[in-house]
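Following: one structure in structure tokens, then a few remarks.
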Amino acid sequence: MTAPATPRSFAIGETDFLLDGEPYRVLSGALHYFRVHPGQWADRIRKARLMGLNTIETYVAWNAHEPVRGEWDATGWNDLGAFLDLVAAEGMHAIVRPGPYICAEWHNGGLPVWLTGMPGIGLRRSEPSYLAEVTAYLQRVYDIVAPRQIDRGGPVVLVQIENEYGAYGSDTAYLEHLVRVTRDAGITVPLTTIDQPTDQMLSDGSVDGVHLTGSFGSRAAERLATLRRHQPTGPLMCAEFWDGWFDWWGAAHHTTSAADSAAELDALLAAGASVNFYMFHGGTNFGLTNGANHKGRYLPIVTSYDYDAPLDEAGRPTDKFFAFRDVIATYAPVPGELPSSGDVAPAFEVPVQPVEAHGAASPSSHEAPPTFEELGHLSALVAYETELATGGVLRFGEVRDHAWVSVDGVTVGTLSRTRGEDALVVPAGRLRVLVEEQGRVNYDVRLGEAKGLVGGVFLDGVPVTGWSVTPIDVAALAAAAATAAVRDAPAAVGPFVLRGSFALDETADLFLDTAGWGKGYAVVNGFVLGRYWSNGPQRTLYVPAAALRPGENTVVVIELDRVADPVVRFVAEPALGPREE
């Protein structure tokens, strides 16, 4: 922790936030430390200040810090304290939103799989086992946050209780418990809640003594009026000003008009409200961290979290950056300095070869196919195998979420949860079903749902039994690929692992072109960039300069579908798909 500055006061007055007793407007931007390479945190924070912001807001992703129960990690990518110290070093304030539930289009809404899989657990309510785990989690977070509050010379001015709870439940006792834990942990700054500005959500999501804020991206005057009915005194704040949107596989790349967003911002600030842009810089769902939507149809979120934000995924200012900066300048001073627009990324090709990599655990035997949760498997792939004495119609209770089916090493077909597929005709022989978990739904009743082959497998109506099951760890597979021997020919069935290398004179952001590949994961220097899929819209993966090094670099592709062209291409600009405004 950096040396604290002089302690200051931050409070909620009759009409305004008060900094050292004087009216203060919060001009904040969302920047999730867990979606940005730590080597680029300082750059993104600085650019927020250059847009005219005075505050950085971040969620805390519980499942990033504690993927395995009891194994808490607050280092490296998870070093929330270091992130907050960088905010302070830039002369800015911070808002911390620890959930425990965050949504955020993030895997399982930020809740650990071990938590949501606990028998009898009562999520987001006053259920004893859930409250016990949440209490322990929050105490760990507040050990980091409490000494970094503004009244102790740190940057933190606000802490949020839960997240849009009025859209989920109405258990006031649960919210009261979170407030008690927060205050008992030494959090003295004002507390807030956030909900969409409807009477029902604001009512259900509020708790005595905690300041209400809203989340919306349009009709500011109307939404602020609704918020004021429920929050008669104190500052008005849109704590999630939606300035863009996220993408899912199979759709278009969502964008919004910079001019329209700037007009909405102007209306919001003209009303005297404070604001937090969601997002200022979206970042990336690196690794296997993307969530999924499910409003009647399962729709996994793409790897990019560009969000059409003021800073794009590579940290470059967009039209919104300058449009918002111009609006802010009419209400508050902005720095004279402007950020660089960024250089064009180098474009080049890297031939890749198949390698003998293995990232599988030892197989285990099961009468019926177990779920990922029953296997205790946190990665994205499991191979299920059994013998079929005869062919016929193979039907699955449900595939969660995508499967490649082969018999005796010959591909028979694929099954997609998104497309509602659950059956295909197979011959007799050694059946193999490779299942990919594509991302966990990040809200509502599907939090923590089981992954894998769910509800049994049937051949012409008869249960298929006697399974050999092998979990495959994507990160372990990528690590093994770095030094694995080259194969004479690709494997018969996926995953197909290919490796290549390239040299750089100096590091720079890169964009890995996924055109020509099917479905899988790309890895650079052991860092899993994320998922790709020919289903689009995303056609490039962002490679942060901080993940590269001068000299030799390694690229690995873990392909699940097909290998059409064994070349990895890096291109000059990102391609996130056809735009939908």
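We name chains A, B, ... following the order of the structure tokens; residues begin at 1 in each chain, and ligands are numbered from 1 as shown.
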
Mind the document's chain letters and residue numbers, and return as a count of residues only the residues of segment 50-227 of chain A that DSSP labels alpha helix (DSSP H). 65

Within segment 307-376 of chain A, find each residue whose DSSP state, derived from the backbone, is strand (DSSP E or B), and express the selection as a ChimeraX atom specification. /A:311,317,348-351,353-355,360,364-366,371

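For the pair atom CA of Ile161 of chain A and atom CA of Ile194 of chain A, the interatomic distance is 8.2 Å.
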
So that I can check the surroundings of Leu123 of chain A, please list as an NGL selection string every protein, DNA and RNA residue that reaches within 12 Å of it, counting only C-alpha atoms and ignoring chain neighbours fewer than 3 positions away. :A and (100-101 or 108-109 or 111-113 or 115-120 or 126-134 or 165 or 168-169 or 171 or 174 or 443-448)

Write a file of the just-selected residues containing C-alpha atoms, as a PDB file, in the first residue's frame.
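Heads up, here's the output in part-v3.pdb:
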```
ATOM      1  CA  PRO A 100     -21.255 -10.377  -3.490  1.00  0.00           C
ATOM      2  CA  TYR A 101     -23.290 -10.681  -6.707  1.00  0.00           C
ATOM      3  CA  ASN A 108     -21.793 -16.903 -12.786  1.00  0.00           C
ATOM      4  CA  GLY A 109     -22.428 -13.247 -11.932  1.00  0.00           C
ATOM      5  CA  LEU A 111     -20.326 -15.972  -7.513  1.00  0.00           C
ATOM      6  CA  PRO A 112     -17.936 -18.929  -7.151  1.00  0.00           C
ATOM      7  CA  VAL A 113     -19.126 -22.240  -8.593  1.00  0.00           C
ATOM      8  CA  LEU A 115     -20.759 -21.541  -3.571  1.00  0.00           C
ATOM      9  CA  THR A 116     -23.669 -21.860  -5.989  1.00  0.00           C
ATOM     10  CA  GLY A 117     -23.182 -25.646  -6.010  1.00  0.00           C
ATOM     11  CA  MET A 118     -23.469 -26.086  -2.243  1.00  0.00           C
ATOM     12  CA  PRO A 119     -26.445 -28.361  -1.409  1.00  0.00           C
ATOM     13  CA  GLY A 120     -29.371 -26.355  -0.066  1.00  0.00           C
ATOM     14  CA  SER A 126     -31.101 -14.696   4.488  1.00  0.00           C
ATOM     15  CA  GLU A 127     -30.100 -18.353   4.401  1.00  0.00           C
ATOM     16  CA  PRO A 128     -27.526 -19.240   7.093  1.00  0.00           C
ATOM     17  CA  SER A 129     -24.944 -21.128   5.029  1.00  0.00           C
ATOM     18  CA  TYR A 130     -24.994 -18.457   2.321  1.00  0.00           C
ATOM     19  CA  LEU A 131     -24.712 -15.621   4.855  1.00  0.00           C
ATOM     20  CA  ALA A 132     -21.751 -17.329   6.514  1.00  0.00           C
ATOM     21  CA  GLU A 133     -19.836 -17.585   3.242  1.00  0.00           C
ATOM     22  CA  VAL A 134     -20.754 -14.040   2.182  1.00  0.00           C
ATOM     23  CA  TYR A 165     -31.134  -6.390  -5.766  1.00  0.00           C
ATOM     24  CA  TYR A 168     -33.983 -10.240  -7.919  1.00  0.00           C
ATOM     25  CA  GLY A 169     -35.563 -10.259  -4.466  1.00  0.00           C
ATOM     26  CA  ASP A 171     -35.271  -9.820   1.483  1.00  0.00           C
ATOM     27  CA  TYR A 174     -30.420  -9.937   3.872  1.00  0.00           C
ATOM     28  CA  TYR A 443     -28.259 -13.561 -13.314  1.00  0.00           C
ATOM     29  CA  ASP A 444     -31.539 -14.792 -11.839  1.00  0.00           C
ATOM     30  CA  VAL A 445     -32.498 -18.407 -11.142  1.00  0.00           C
ATOM     31  CA  ARG A 446     -29.890 -19.936 -13.473  1.00  0.00           C
ATOM     32  CA  LEU A 447     -26.964 -18.848 -11.320  1.00  0.00           C
ATOM     33  CA  GLY A 448     -24.921 -21.946 -10.574  1.00  0.00           C
TER      34      GLY A 448
END
```

If you take only C-alpha atoms and a cut-off of 6 Å, which residues of segment 22-62 of chain A touch segment 273-291 of chain A, and what are their nearest atom pairs and distances in Å to one decimal, in chain and number order, as JSON lines?
```
{"residue": "A:Arg25", "atom": "CA", "partner": "A:Ser274", "partner_atom": "CA", "distance": 5.3}
{"residue": "A:Val26", "atom": "CA", "partner": "A:Ser274", "partner_atom": "CA", "distance": 4.9}
{"residue": "A:Leu27", "atom": "CA", "partner": "A:Val275", "partner_atom": "CA", "distance": 5.3}
{"residue": "A:Ser28", "atom": "CA", "partner": "A:Asn276", "partner_atom": "CA", "distance": 4.3}
{"residue": "A:Gly29", "atom": "CA", "partner": "A:Phe277", "partner_atom": "CA", "distance": 4.6}
{"residue": "A:Ala30", "atom": "CA", "partner": "A:Met279", "partner_atom": "CA", "distance": 4.9}
{"residue": "A:Leu31", "atom": "CA", "partner": "A:His281", "partner_atom": "CA", "distance": 5.6}
{"residue": "A:Arg35", "atom": "CA", "partner": "A:Gly283", "partner_atom": "CA", "distance": 5.1}
{"residue": "A:Val36", "atom": "CA", "partner": "A:Gly283", "partner_atom": "CA", "distance": 5.5}
```

List the neighbours of Leu80 of chain A out to 10 Å using only C-alpha atoms; skip same-chain residues closer than 4 positions along the sequence, and give me the result as an mmCIF file with C-alpha atoms, in the first residue's frame.
```
data_model
loop_
_atom_site.group_PDB
_atom_site.id
_atom_site.type_symbol
_atom_site.label_atom_id
_atom_site.label_comp_id
_atom_site.auth_asym_id
_atom_site.auth_seq_id
_atom_site.Cartn_x
_atom_site.Cartn_y
_atom_site.Cartn_z
ATOM 1 C CA HIS A 32 -12.924 -3.573 -13.773
ATOM 2 C CA TYR A 33 -9.395 -4.450 -12.659
ATOM 3 C CA PHE A 34 -10.075 -8.129 -13.381
ATOM 4 C CA THR A 58 -14.953 -1.185 -9.891
ATOM 5 C CA TYR A 59 -16.820 -4.340 -9.055
ATOM 6 C CA VAL A 60 -15.051 -7.058 -7.069
ATOM 7 C CA HIS A 65 -10.414 -14.103 -5.859
ATOM 8 C CA ALA A 74 -5.471 -10.961 -3.835
ATOM 9 C CA THR A 75 -2.266 -10.889 -5.871
ATOM 10 C CA GLY A 76 -1.428 -10.140 -9.507
ATOM 11 C CA LEU A 84 -6.902 1.284 -5.658
ATOM 12 C CA ASP A 85 -3.428 2.615 -4.897
ATOM 13 C CA LEU A 86 -2.982 3.456 -8.585
ATOM 14 C CA VAL A 96 -16.002 -0.178 -4.692
ATOM 15 C CA VAL A 141 -12.547 -7.544 0.732
ATOM 16 C CA ILE A 144 -8.279 -4.349 1.589
ATOM 17 C CA VAL A 145 -10.779 -1.508 1.269
#
```
